[in-house]
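See below for my_file15.cif, which holds mmCIF, C-alpha atoms and all ligand atoms.
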data_query
loop_
_atom_site.label_atom_id
_atom_site.label_comp_id
_atom_site.auth_asym_id
_atom_site.auth_seq_id
_atom_site.Cartn_x
_atom_site.Cartn_y
_atom_site.Cartn_z
CA MET A 277 -26.21 26.18 25.75
CA ASP A 278 -24.41 28.53 23.37
CA LEU A 279 -20.66 28.98 23.50
CA SER A 280 -20.68 32.57 24.73
CA TYR A 281 -23.15 31.68 27.51
CA ILE A 282 -20.74 28.98 28.68
CA LEU A 283 -17.69 31.24 28.51
CA ASN A 284 -19.23 34.50 29.79
CA ILE A 285 -21.97 33.53 32.20
CA LEU A 286 -22.17 29.88 33.27
CA GLY A 287 -21.06 29.16 36.84
CA GLU A 288 -20.53 32.81 37.76
CA GLU A 289 -22.48 34.17 40.73
CA ARG A 290 -21.61 37.85 40.63
CA ASP A 291 -23.98 38.85 43.43
CA GLN A 292 -21.78 36.80 45.76
CA TYR A 293 -18.78 39.01 45.10
CA PHE A 294 -20.03 42.62 44.89
CA ASN A 295 -21.28 42.14 41.30
CA ALA A 296 -17.71 42.32 40.11
CA VAL A 297 -17.71 41.44 36.41
CA THR A 298 -14.60 39.30 36.79
CA PRO A 299 -14.69 36.76 39.63
CA PRO A 300 -12.11 37.10 42.39
CA ILE A 301 -9.17 34.77 42.88
CA MET A 302 -10.33 33.00 46.02
CA GLN A 303 -6.79 32.63 47.31
CA THR A 304 -7.51 30.74 50.50
CA SER A 305 -6.54 27.28 51.69
CA ASN A 306 -9.43 26.83 54.14
CA PHE A 307 -12.99 27.96 54.91
CA ALA A 308 -14.37 28.70 58.38
CA PHE A 309 -17.63 27.50 60.03
CA LYS A 310 -19.84 29.23 62.56
CA THR A 311 -21.03 26.11 64.42
CA VAL A 312 -19.81 22.61 65.17
CA ALA A 313 -22.91 21.26 63.43
CA ASP A 314 -22.07 23.08 60.19
CA PHE A 315 -18.44 22.01 60.42
CA ARG A 316 -19.41 18.35 60.98
CA ASP A 317 -21.88 18.40 58.13
CA ALA A 318 -19.40 19.94 55.70
CA ILE A 319 -16.48 17.68 56.54
CA ASN A 320 -18.62 14.59 56.03
CA THR A 321 -19.95 15.71 52.67
CA GLU A 322 -16.95 17.67 51.51
CA GLN A 323 -17.82 17.39 47.83
CA GLN A 324 -20.85 19.66 48.37
CA HIS A 325 -19.04 22.17 50.59
CA HIS A 326 -16.16 24.56 50.81
CA VAL A 327 -13.86 23.10 53.45
CA TYR A 328 -10.34 23.09 52.05
CA THR A 329 -8.87 24.11 48.68
CA ARG A 330 -7.55 20.57 47.98
CA GLY A 331 -11.27 19.78 47.61
CA ASN A 332 -13.50 22.63 46.44
CA ASN A 333 -12.47 26.21 45.74
CA PRO A 334 -14.95 28.74 44.28
CA THR A 335 -12.59 30.01 41.56
CA VAL A 336 -11.79 26.46 40.46
CA GLU A 337 -15.50 25.55 40.49
CA ILE A 338 -16.32 28.17 37.86
CA VAL A 339 -13.77 26.62 35.51
CA ARG A 340 -15.06 23.09 36.24
CA LYS A 341 -18.58 24.08 35.18
CA LYS A 342 -17.40 25.75 31.98
CA ILE A 343 -15.17 22.90 30.81
CA ALA A 344 -17.90 20.32 31.58
CA ALA A 345 -20.37 22.37 29.54
CA LEU A 346 -17.93 22.64 26.62
CA GLU A 347 -17.71 18.84 26.49
CA GLY A 348 -21.40 18.24 27.26
CA THR A 349 -20.73 16.20 30.40
CA ASP A 350 -22.37 16.51 33.85
CA ASP A 351 -19.21 17.53 35.62
CA CYS A 352 -15.46 17.97 35.41
CA LEU A 353 -12.46 18.00 37.71
CA VAL A 354 -9.64 20.45 37.11
CA PHE A 355 -6.12 19.24 37.92
CA SER A 356 -2.72 20.88 38.30
CA SER A 357 -1.60 19.49 34.92
CA GLY A 358 -2.84 17.53 31.94
CA VAL A 359 -0.72 14.58 33.00
CA ALA A 360 -2.31 14.64 36.47
CA ALA A 361 -5.70 14.39 34.70
CA ILE A 362 -4.45 11.45 32.60
CA ALA A 363 -3.03 9.69 35.69
CA ALA A 364 -6.34 10.31 37.47
CA ILE A 365 -8.34 8.49 34.77
CA LEU A 366 -5.96 5.53 34.90
CA LEU A 367 -6.14 5.43 38.71
CA HIS A 368 -9.91 5.77 38.65
CA THR A 369 -10.67 3.02 36.15
CA LEU A 370 -7.89 0.47 36.75
CA ARG A 371 -7.01 -2.01 39.49
CA SER A 372 -4.26 -4.58 39.80
CA GLY A 373 -4.71 -7.31 37.17
CA ASP A 374 -6.50 -5.07 34.67
CA HIS A 375 -5.61 -4.49 31.04
CA VAL A 376 -5.68 -1.35 28.89
CA ILE A 377 -5.90 -0.89 25.14
CA CYS A 378 -4.14 2.31 24.14
CA VAL A 379 -3.43 3.92 20.78
CA LYS A 380 0.19 3.52 19.75
CA SER A 381 1.41 7.11 19.78
CA PRO A 382 -0.34 8.85 22.64
CA TYR A 383 1.13 11.86 24.42
CA SER A 384 4.64 10.88 25.55
CA TRP A 385 3.91 10.90 29.29
CA THR A 386 0.77 8.79 28.79
CA GLN A 387 3.02 6.26 27.11
CA TYR A 388 5.46 6.55 30.01
CA LEU A 389 2.78 5.91 32.63
CA LEU A 390 1.42 2.87 30.79
CA THR A 391 4.79 1.32 29.93
CA GLU A 392 6.94 2.23 32.96
CA VAL A 393 4.72 2.93 35.96
CA PHE A 394 1.47 0.96 35.79
CA PRO A 395 3.10 -2.42 34.99
CA GLU A 396 4.69 -2.20 38.46
CA TYR A 397 1.14 -2.35 39.82
CA ASN A 398 0.24 -5.34 37.64
CA ILE A 399 -1.62 -3.32 35.00
CA THR A 400 -0.72 -4.16 31.42
CA THR A 401 -1.30 -2.34 28.14
CA THR A 402 -1.64 -3.38 24.52
CA PHE A 403 -0.73 -0.55 22.15
CA ILE A 404 -2.55 -0.65 18.82
CA ASP A 405 -2.44 1.51 15.73
CA GLY A 406 -6.13 2.36 16.23
CA ARG A 407 -7.03 3.27 12.65
CA GLU A 408 -8.91 -0.03 12.05
CA MET A 409 -11.75 -1.28 14.22
CA SER A 410 -10.51 -4.87 13.91
CA GLN A 411 -7.39 -3.86 15.90
CA PHE A 412 -9.57 -2.94 18.87
CA GLU A 413 -11.63 -6.12 18.58
CA GLN A 414 -8.53 -8.30 18.48
CA ALA A 415 -6.89 -6.58 21.45
CA ILE A 416 -9.79 -7.08 23.87
CA GLN A 417 -9.00 -9.52 26.71
CA SER A 418 -11.25 -10.78 29.51
CA ASN A 419 -9.53 -8.31 31.90
CA THR A 420 -9.65 -5.24 29.60
CA LYS A 421 -11.06 -2.31 31.58
CA LEU A 422 -10.13 0.74 29.58
CA ILE A 423 -9.69 1.82 25.98
CA TYR A 424 -7.55 4.95 25.90
CA LEU A 425 -7.83 7.13 22.79
CA GLU A 426 -6.17 10.23 21.43
CA SER A 427 -7.80 11.43 18.23
CA PRO A 428 -6.10 13.04 16.51
CA ASN A 429 -2.78 12.53 18.26
CA THR A 430 -0.47 15.50 18.11
CA PHE A 431 2.51 14.29 16.07
CA TRP A 432 1.13 11.92 13.40
CA PHE A 433 -2.48 13.15 13.55
CA GLU A 434 -4.00 9.67 13.33
CA LEU A 435 -7.70 9.30 14.11
CA GLN A 436 -9.86 6.65 15.74
CA ASP A 437 -13.54 6.17 14.98
CA LEU A 438 -14.91 7.43 18.30
CA GLU A 439 -18.49 6.30 17.80
CA ALA A 440 -17.57 2.79 16.71
CA VAL A 441 -14.97 2.33 19.46
CA SER A 442 -17.44 3.52 22.12
CA LYS A 443 -20.07 1.10 20.87
CA LEU A 444 -17.65 -1.80 20.92
CA ALA A 445 -16.40 -0.88 24.41
CA ARG A 446 -19.92 -0.60 25.79
CA LYS A 447 -20.77 -4.04 24.49
CA HIS A 448 -17.80 -5.46 26.44
CA HIS A 449 -18.32 -3.28 29.57
CA ILE A 450 -15.04 -1.47 28.97
CA PHE A 451 -14.52 2.20 29.82
CA THR A 452 -13.41 4.62 27.13
CA ALA A 453 -11.31 7.74 27.68
CA ILE A 454 -9.93 10.22 25.17
CA ASP A 455 -7.26 12.87 25.32
CA ASN A 456 -9.26 15.53 23.44
CA SER A 457 -6.74 18.34 23.87
CA TYR A 458 -6.31 18.78 20.11
CA ALA A 459 -9.93 19.86 19.62
CA ALA A 460 -9.91 22.24 22.61
CA GLY A 461 -13.50 21.45 23.60
CA ILE A 462 -14.73 23.16 20.41
CA TYR A 463 -13.94 21.12 17.29
CA GLN A 464 -14.87 17.67 18.57
CA HIS A 465 -17.19 16.44 21.35
CA PRO A 466 -16.35 12.79 22.08
CA HIS A 467 -18.82 12.37 24.96
CA LYS A 468 -21.64 13.05 22.53
CA LEU A 469 -20.28 10.17 20.44
CA GLY A 470 -20.32 7.84 23.46
CA VAL A 471 -16.84 8.22 25.01
CA ASP A 472 -17.06 8.01 28.84
CA PHE A 473 -14.22 10.31 29.87
CA VAL A 474 -12.84 13.34 28.08
CA ILE A 475 -9.40 14.55 29.16
CA HIS A 476 -7.75 17.88 28.43
CA THR A 477 -4.47 19.48 29.02
CA ALA A 478 -5.72 22.98 29.82
CA THR A 479 -2.12 24.18 29.42
CA LYS A 480 -2.59 24.36 25.66
CA TYR A 481 -5.57 26.05 23.97
CA LEU A 482 -7.87 26.33 26.99
CA ALA A 483 -5.51 28.57 28.97
CA GLY A 484 -3.92 29.69 25.73
CA HIS A 485 -1.22 32.12 26.87
CA SER A 486 1.72 29.82 27.68
CA ASP A 487 1.62 30.80 31.33
CA VAL A 488 -0.38 28.07 33.12
CA VAL A 489 -0.05 24.31 33.49
CA ALA A 490 -3.41 22.62 34.18
CA GLY A 491 -5.62 19.72 33.12
CA ALA A 492 -9.20 18.46 33.26
CA VAL A 493 -11.27 15.28 33.27
CA CYS A 494 -14.91 15.43 32.14
CA GLY A 495 -17.44 12.68 32.83
CA ASN A 496 -20.81 11.85 34.32
CA SER A 497 -21.66 12.92 37.89
CA GLU A 498 -21.37 9.44 39.33
CA HIS A 499 -17.83 8.99 38.06
CA ILE A 500 -16.68 12.49 38.92
CA ALA A 501 -18.08 12.02 42.43
CA GLY A 502 -16.16 8.75 42.64
CA MET A 503 -12.98 10.44 41.48
CA PHE A 504 -13.32 13.40 43.81
CA ARG A 505 -12.28 11.65 47.03
CA ARG A 506 -10.05 8.93 45.70
CA VAL A 507 -7.93 10.44 42.93
CA PHE A 508 -8.57 14.17 43.29
CA MET A 509 -8.36 14.75 47.04
CA GLY A 510 -6.42 11.52 47.62
CA PHE A 511 -3.53 12.30 45.25
CA GLY A 512 -3.88 16.04 45.62
CA ALA A 513 -2.82 17.25 42.16
CA VAL A 514 -5.18 20.23 42.42
CA PRO A 515 -4.79 23.60 40.70
CA SER A 516 -4.04 26.76 42.64
CA PRO A 517 -6.90 29.30 42.68
CA HIS A 518 -4.58 31.70 40.86
CA ASP A 519 -3.93 29.23 38.03
CA ALA A 520 -7.66 28.48 37.83
CA TRP A 521 -8.29 32.19 37.46
CA LEU A 522 -5.69 32.50 34.68
CA LEU A 523 -7.32 29.54 32.97
CA LEU A 524 -10.72 31.21 33.26
CA ARG A 525 -9.30 34.42 31.83
CA GLY A 526 -7.76 32.50 28.93
CA MET A 527 -11.00 30.67 28.18
CA ARG A 528 -12.90 33.94 27.63
CA THR A 529 -11.20 34.23 24.23
CA LEU A 530 -10.91 30.52 23.38
CA PRO A 531 -13.13 30.56 20.26
CA ILE A 532 -11.45 33.54 18.61
CA ARG A 533 -7.94 32.34 19.41
CA LEU A 534 -8.75 28.89 18.11
CA GLU A 535 -10.29 30.34 14.97
CA LYS A 536 -7.16 32.40 14.23
CA SER A 537 -4.72 29.61 14.98
CA ALA A 538 -6.73 27.12 12.89
CA SER A 539 -7.04 29.45 9.93
CA ASN A 540 -3.31 30.27 10.08
CA ALA A 541 -2.53 26.55 9.94
CA GLU A 542 -4.94 26.07 7.03
CA MET A 543 -3.33 28.90 5.07
CA ILE A 544 0.19 27.61 5.69
CA VAL A 545 -0.78 24.05 4.75
CA GLU A 546 -2.56 25.24 1.60
CA HIS A 547 0.41 27.42 0.61
CA PHE A 548 3.06 24.70 1.00
CA MET A 549 1.05 21.64 -0.16
CA GLY A 550 2.96 20.13 -3.11
CA HIS A 551 6.06 22.30 -2.53
CA PRO A 552 9.09 20.64 -4.17
CA LYS A 553 11.14 20.76 -0.94
CA ILE A 554 8.39 19.19 1.17
CA GLU A 555 7.76 15.45 1.05
CA ARG A 556 4.47 15.51 2.91
CA ILE A 557 2.28 17.74 5.06
CA ILE A 558 0.11 16.07 7.68
CA HIS A 559 -3.02 17.94 8.75
CA PRO A 560 -6.00 15.84 9.86
CA PHE A 561 -8.66 18.10 8.35
CA HIS A 562 -7.05 18.48 4.92
CA PRO A 563 -8.44 16.45 1.98
CA SER A 564 -4.96 14.94 1.53
CA HIS A 565 -5.17 13.21 4.93
CA PRO A 566 -5.92 9.48 4.52
CA GLN A 567 -8.61 9.69 7.24
CA PHE A 568 -10.20 12.93 6.03
CA ALA A 569 -13.64 11.27 5.70
CA LEU A 570 -13.56 10.18 9.35
CA ALA A 571 -12.31 13.62 10.40
CA GLN A 572 -15.31 15.20 8.67
CA LYS A 573 -17.63 12.75 10.39
CA GLN A 574 -16.50 13.44 13.96
CA MET A 575 -14.76 16.84 13.93
CA THR A 576 -15.82 20.25 12.69
CA ARG A 577 -12.34 21.57 11.90
CA GLY A 578 -8.63 21.04 12.42
CA CYS A 579 -6.64 23.22 14.82
CA GLY A 580 -3.26 24.94 14.55
CA LEU A 581 -1.13 21.79 14.80
CA PHE A 582 0.27 20.04 11.73
CA ALA A 583 3.51 18.40 10.58
CA MET A 584 5.82 18.77 7.60
CA ILE A 585 8.24 16.16 6.39
CA LEU A 586 10.99 18.07 4.61
CA LYS A 587 12.39 16.39 1.48
CA THR A 588 15.86 15.64 2.82
CA GLU A 589 17.67 12.94 4.78
CA ASN A 590 20.36 15.44 5.72
CA LYS A 591 20.05 16.36 9.39
CA THR A 592 22.34 19.37 9.03
CA GLN A 593 19.91 20.86 6.52
CA VAL A 594 16.94 20.17 8.80
CA GLU A 595 18.76 21.84 11.68
CA ALA A 596 19.64 24.85 9.52
CA PHE A 597 15.97 25.12 8.47
CA CYS A 598 14.83 25.07 12.10
CA ASN A 599 17.56 27.37 13.39
CA SER A 600 16.77 29.99 10.76
CA LEU A 601 13.04 30.29 11.54
CA GLU A 602 12.48 33.59 13.31
CA ARG A 603 8.76 33.60 14.01
CA PHE A 604 8.37 29.96 15.02
CA LEU A 605 10.01 29.49 18.39
CA MET A 606 11.64 26.18 19.13
CA ALA A 607 9.85 24.89 22.21
CA VAL A 608 7.60 22.12 23.47
CA SER A 609 3.89 22.70 24.07
CA TRP A 610 1.37 24.47 21.80
CA GLY A 611 -1.96 26.28 22.03
CA GLY A 612 -0.53 29.64 23.07
CA TYR A 613 -0.25 32.91 21.14
CA GLU A 614 3.20 32.08 19.73
CA SER A 615 4.00 29.82 16.81
CA LEU A 616 6.25 26.87 17.57
CA ILE A 617 8.15 23.97 16.07
CA VAL A 618 9.36 20.66 17.47
CA PRO A 619 11.75 18.92 15.04
CA ALA A 620 11.98 15.12 15.34
CA CYS A 621 15.78 15.43 15.28
CA ILE A 622 15.75 16.46 18.95
CA LYS A 623 15.04 12.70 19.35
CA ILE A 624 11.35 12.57 20.19
CA GLY A 625 11.17 8.93 19.03
CA ASP A 626 12.61 6.29 16.71
CA ASP A 627 10.04 6.11 13.95
CA TYR A 628 10.32 9.66 12.58
CA PRO A 629 11.95 10.53 9.25
CA ALA A 630 14.89 12.97 9.48
CA GLY A 631 12.88 15.79 7.93
CA PHE A 632 9.89 15.57 10.31
CA VAL A 633 8.96 18.90 11.95
CA ARG A 634 5.81 19.39 14.06
CA PHE A 635 4.40 22.92 13.65
CA TYR A 636 2.00 24.93 15.76
CA ALA A 637 0.52 28.06 14.18
CA GLY A 638 -0.13 30.75 16.78
CA LEU A 639 -1.86 34.10 16.43
CA GLU A 640 0.60 35.95 14.18
CA GLU A 641 -0.33 37.18 10.69
CA ALA A 642 -0.46 34.20 8.30
CA ASN A 643 1.68 35.93 5.64
CA VAL A 644 4.44 36.54 8.20
CA LEU A 645 4.51 32.85 9.14
CA ILE A 646 4.44 31.74 5.49
CA ALA A 647 7.33 34.09 4.64
CA ASP A 648 9.34 32.77 7.58
CA ILE A 649 8.98 29.15 6.38
CA GLU A 650 9.60 30.16 2.76
CA LYS A 651 12.90 31.80 3.78
CA ALA A 652 14.02 28.84 5.90
CA LEU A 653 13.38 26.39 3.04
CA GLN A 654 16.48 27.80 1.29
CA TYR A 655 18.49 25.48 3.57
CA ILE A 656 16.89 22.39 2.03
CA ASP A 657 18.16 21.40 -1.41
C1 LIG B 701 0.78 18.77 26.67
C2 LIG B 701 -0.12 17.62 26.49
C3 LIG B 701 -0.51 16.83 27.58
C4 LIG B 701 0.02 17.04 28.97
O1 LIG B 701 -0.45 18.16 29.57
P1 LIG B 701 0.36 18.96 30.70
O2 LIG B 701 -0.56 20.04 31.03
O3 LIG B 701 1.64 19.37 30.09
O4 LIG B 701 0.60 18.01 31.83
C5 LIG B 701 -1.41 15.80 27.34
N1 LIG B 701 -1.87 15.55 26.11
C6 LIG B 701 -1.50 16.27 25.03
C7 LIG B 701 -2.08 15.95 23.71
C8 LIG B 701 -0.60 17.33 25.19
O5 LIG B 701 -0.24 18.03 24.11
#

Spit out the file's structure as structure tokens when you get a sec.
Amino acid sequence: MDLSYILNILGEERDQYFNAVTPPIMQTSNFAFKTVADFRDAINTEQQHHVYTRGNNPTVEIVRKKIAALEGTDDCLVFSSGVAAIAAILLHTLRSGDHVICVKSPYSWTQYLLTEVFPEYNITTTFIDGREMSQFEQAIQSNTKLIYLESPNTFWFELQDLEAVSKLARKHHIFTAIDNSYAAGIYQHPHKLGVDFVIHTATKYLAGHSDVVAGAVCGNSEHIAGMFRRVFMGFGAVPSPHDAWLLLRGMRTLPIRLEKSASNAEMIVEHFMGHPKIERIIHPFHPSHPQFALAQKQMTRGCGLFAMILKTENKTQVEAFCNSLERFLMAVSWGGYESLIVPACIKIGDDYPAGFVRFYAGLEEANVLIADIEKALQYID
């Protein structure tokens, strides 16, 4: 299936809505039946029917099919946020007494769930660096049920060997899940390398316009069917039809937005690599990255996210650098049209050097972004 077939055609049944090119927002909570027999049949096999929008909604279903196809899985569930999708995978795969192996710097709320919430339900986690296979092997316990990956993660851009981890997990009957948001369903396909579940925050590149919060879990039909009643309908973190429609609209231009954002990042990284005021630039698909060989093996390109460590210990200088940027907004999130920074000095964690700044390159002209950084570097001496 080619990319434009997935994004332009797959899952759309135009003859069902007046051959409108763009599908309608099916803004309804419930669906009516003509007979008791139909009603009874639908309510007992809700997954195959339109009964209630906490289950199936036609606008949401189009997006489910497209995201599943992007990741090469049978099916997908779309949630009201990326974190709801992450929580759903944990709730689906884990029971009291189980153990998780998770990479050490996952998305902050993943860390929160595994360290603060799930231990209350007798589910424990071992956090490992994840760059060496031996770390996975050593962390496996008799009650390990899930290996949770994020490759690359979105602050340090560390990678895990997806094929090797999947193989190891399979041998021990352990599920694997990955937060694949970085690659946006285009630059890396973990399911094809053996990972069971692929998770996305659709808030970032998939929706791409900084106006929707949504998430997705991709997996095989059996698992998605199992998740549908228990964690999807049961916890109810479902997207609104309107948000699903905005997500669909955003996804139409995913490849060209991603291409622009990625090439902007590459140009910025190339321009500032070796700059005397910059200690280090971290971009997982640059030859300077210590895991570049692995990146080339399992990814096709890096995206618009990267980090710079400014050559200073002086927080006032770092703040002046950040405050003076005009084209990089200071805000959380990424994947939209606008370039962004998150400096570590807002206290995102303990193990960051003072000069650490996470960058996201949006869709602006590369030379404008480069000039903005160039100008702000005057505050670093
Ligand atoms: C933002 C983000 C999430 C969480 O997604 P929400 O849609 O904000 O709930 C998960 N993983 C990564 C890598 C993210 O950047």

* Surroundings of ligand LIG 701 (chain B) up to 6 Å, based on only C-alpha atoms and all ligand atoms, as a list in words ->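 Residues lying within 6 Å of ligand LIG 701 (chain B): Ser357, Gly358, Val359, Tyr383, Thr430, Ser457, Thr477, Thr479, Val489, Ala490, Gly491 and Ser609 of chain A.
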
* Asked: At most 7 Å from (-10.8, 31.2, 38.1), file frame, all atoms listed in the file: which residues, as a PyMOL selection string?
  -> chain A and resi 299+301+335-336+338-339+517-518+520-524

Using all atoms listed in the file, which protein or nucleic acid residues come within 12 Å of Met277 (chain A)? Drop anything in the same chain fewer than 6 positions from it, and give the result as a CSV table (one decimal) with C-alpha atoms, in the coordinates of the input.
chain,number,residue,atom,x,y,z
A,283,LEU,CA,-17.7,31.2,28.5
A,284,ASN,CA,-19.2,34.5,29.8
A,285,ILE,CA,-22.0,33.5,32.2
A,286,LEU,CA,-22.2,29.9,33.3
A,342,LYS,CA,-17.4,25.8,32.0
A,344,ALA,CA,-17.9,20.3,31.6
A,345,ALA,CA,-20.4,22.4,29.5
A,346,LEU,CA,-17.9,22.6,26.6
A,347,GLU,CA,-17.7,18.8,26.5
A,348,GLY,CA,-21.4,18.2,27.3

* **For Val441 (chain A), the nearest of the candidates A:Leu422, A:Ile365, A:Leu353, A:Val514, counting only C-alpha atoms** => A:Leu422

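Here CA of Asn496 (chain A) is placed at a distance of 24.4 Å from CA of Arg528 (chain A).
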
* **For Leu482 (chain A): contacts at 7 Å, all atoms listed in the file, fewer than 3 positions along chain excluded, given as number ranges by chain** => A: 460, 478-479, 523, 526-527, 530

Please write as a tab-separated table (two decimals) with C-alpha atoms, keeping the file's coordinate frame the list of polymer residues whose atoms come within 7 Å of (-2.4, 0.3, 28.7), counting all atoms listed in the file and keeping to the coordinates of the file.
chain	number	residue	atom	x	y	z
A	375	HIS	CA	-5.61	-4.49	31.04
A	376	VAL	CA	-5.68	-1.35	28.89
A	377	ILE	CA	-5.90	-0.89	25.14
A	378	CYS	CA	-4.14	2.31	24.14
A	390	LEU	CA	1.42	2.87	30.79
A	400	THR	CA	-0.72	-4.16	31.42
A	401	THR	CA	-1.30	-2.34	28.14
A	402	THR	CA	-1.64	-3.38	24.52
A	403	PHE	CA	-0.73	-0.55	22.15

Please output region 590-597 of chain A, rebuilt to include all heavy atoms, as a compact mmCIF listing (two decimals), in the frame of the given file.
# COMPACT_ATOMS: atom_id res chain seq x y z
N ASN A 590 19.18 14.78 5.17
CA ASN A 590 20.36 15.44 5.72
C ASN A 590 19.98 16.24 6.98
O ASN A 590 19.34 17.29 6.90
CB ASN A 590 20.92 16.36 4.62
CG ASN A 590 22.19 17.05 5.05
OD1 ASN A 590 22.41 17.29 6.24
ND2 ASN A 590 23.03 17.37 4.08
N LYS A 591 20.44 15.74 8.12
CA LYS A 591 20.05 16.36 9.39
C LYS A 591 20.60 17.78 9.54
O LYS A 591 19.97 18.62 10.19
CB LYS A 591 20.51 15.49 10.56
CG LYS A 591 19.65 14.25 10.67
CD LYS A 591 19.84 13.50 11.98
CE LYS A 591 18.86 12.34 12.00
NZ LYS A 591 19.35 11.16 12.64
N THR A 592 21.76 18.03 8.95
CA THR A 592 22.34 19.37 9.03
C THR A 592 21.42 20.38 8.36
O THR A 592 21.22 21.50 8.86
CB THR A 592 23.74 19.40 8.37
OG1 THR A 592 24.45 18.27 8.84
CG2 THR A 592 24.51 20.65 8.69
N GLN A 593 20.85 19.97 7.22
CA GLN A 593 19.91 20.86 6.52
C GLN A 593 18.64 21.10 7.35
O GLN A 593 18.15 22.22 7.42
CB GLN A 593 19.53 20.25 5.17
CG GLN A 593 20.65 20.29 4.15
CD GLN A 593 20.18 19.80 2.78
OE1 GLN A 593 19.00 19.63 2.54
NE2 GLN A 593 21.14 19.60 1.88
N VAL A 594 18.16 20.03 7.97
CA VAL A 594 16.94 20.17 8.80
C VAL A 594 17.23 21.13 9.96
O VAL A 594 16.43 22.01 10.27
CB VAL A 594 16.46 18.80 9.33
CG1 VAL A 594 15.23 18.97 10.21
CG2 VAL A 594 16.16 17.86 8.18
N GLU A 595 18.40 20.96 10.56
CA GLU A 595 18.76 21.84 11.68
C GLU A 595 18.90 23.28 11.22
O GLU A 595 18.46 24.21 11.90
CB GLU A 595 20.05 21.36 12.37
CG GLU A 595 19.79 20.11 13.18
CD GLU A 595 20.95 19.72 14.10
OE1 GLU A 595 21.75 20.60 14.48
OE2 GLU A 595 21.03 18.53 14.44
N ALA A 596 19.49 23.47 10.04
CA ALA A 596 19.64 24.85 9.52
C ALA A 596 18.27 25.46 9.25
O ALA A 596 18.03 26.64 9.55
CB ALA A 596 20.49 24.83 8.25
N PHE A 597 17.36 24.66 8.70
CA PHE A 597 15.97 25.12 8.47
C PHE A 597 15.36 25.58 9.79
O PHE A 597 14.84 26.70 9.89
CB PHE A 597 15.16 23.97 7.85
CG PHE A 597 13.67 24.22 7.80
CD1 PHE A 597 13.10 24.89 6.73
CD2 PHE A 597 12.83 23.78 8.84
CE1 PHE A 597 11.72 25.13 6.69
CE2 PHE A 597 11.46 24.02 8.80
CZ PHE A 597 10.91 24.70 7.72
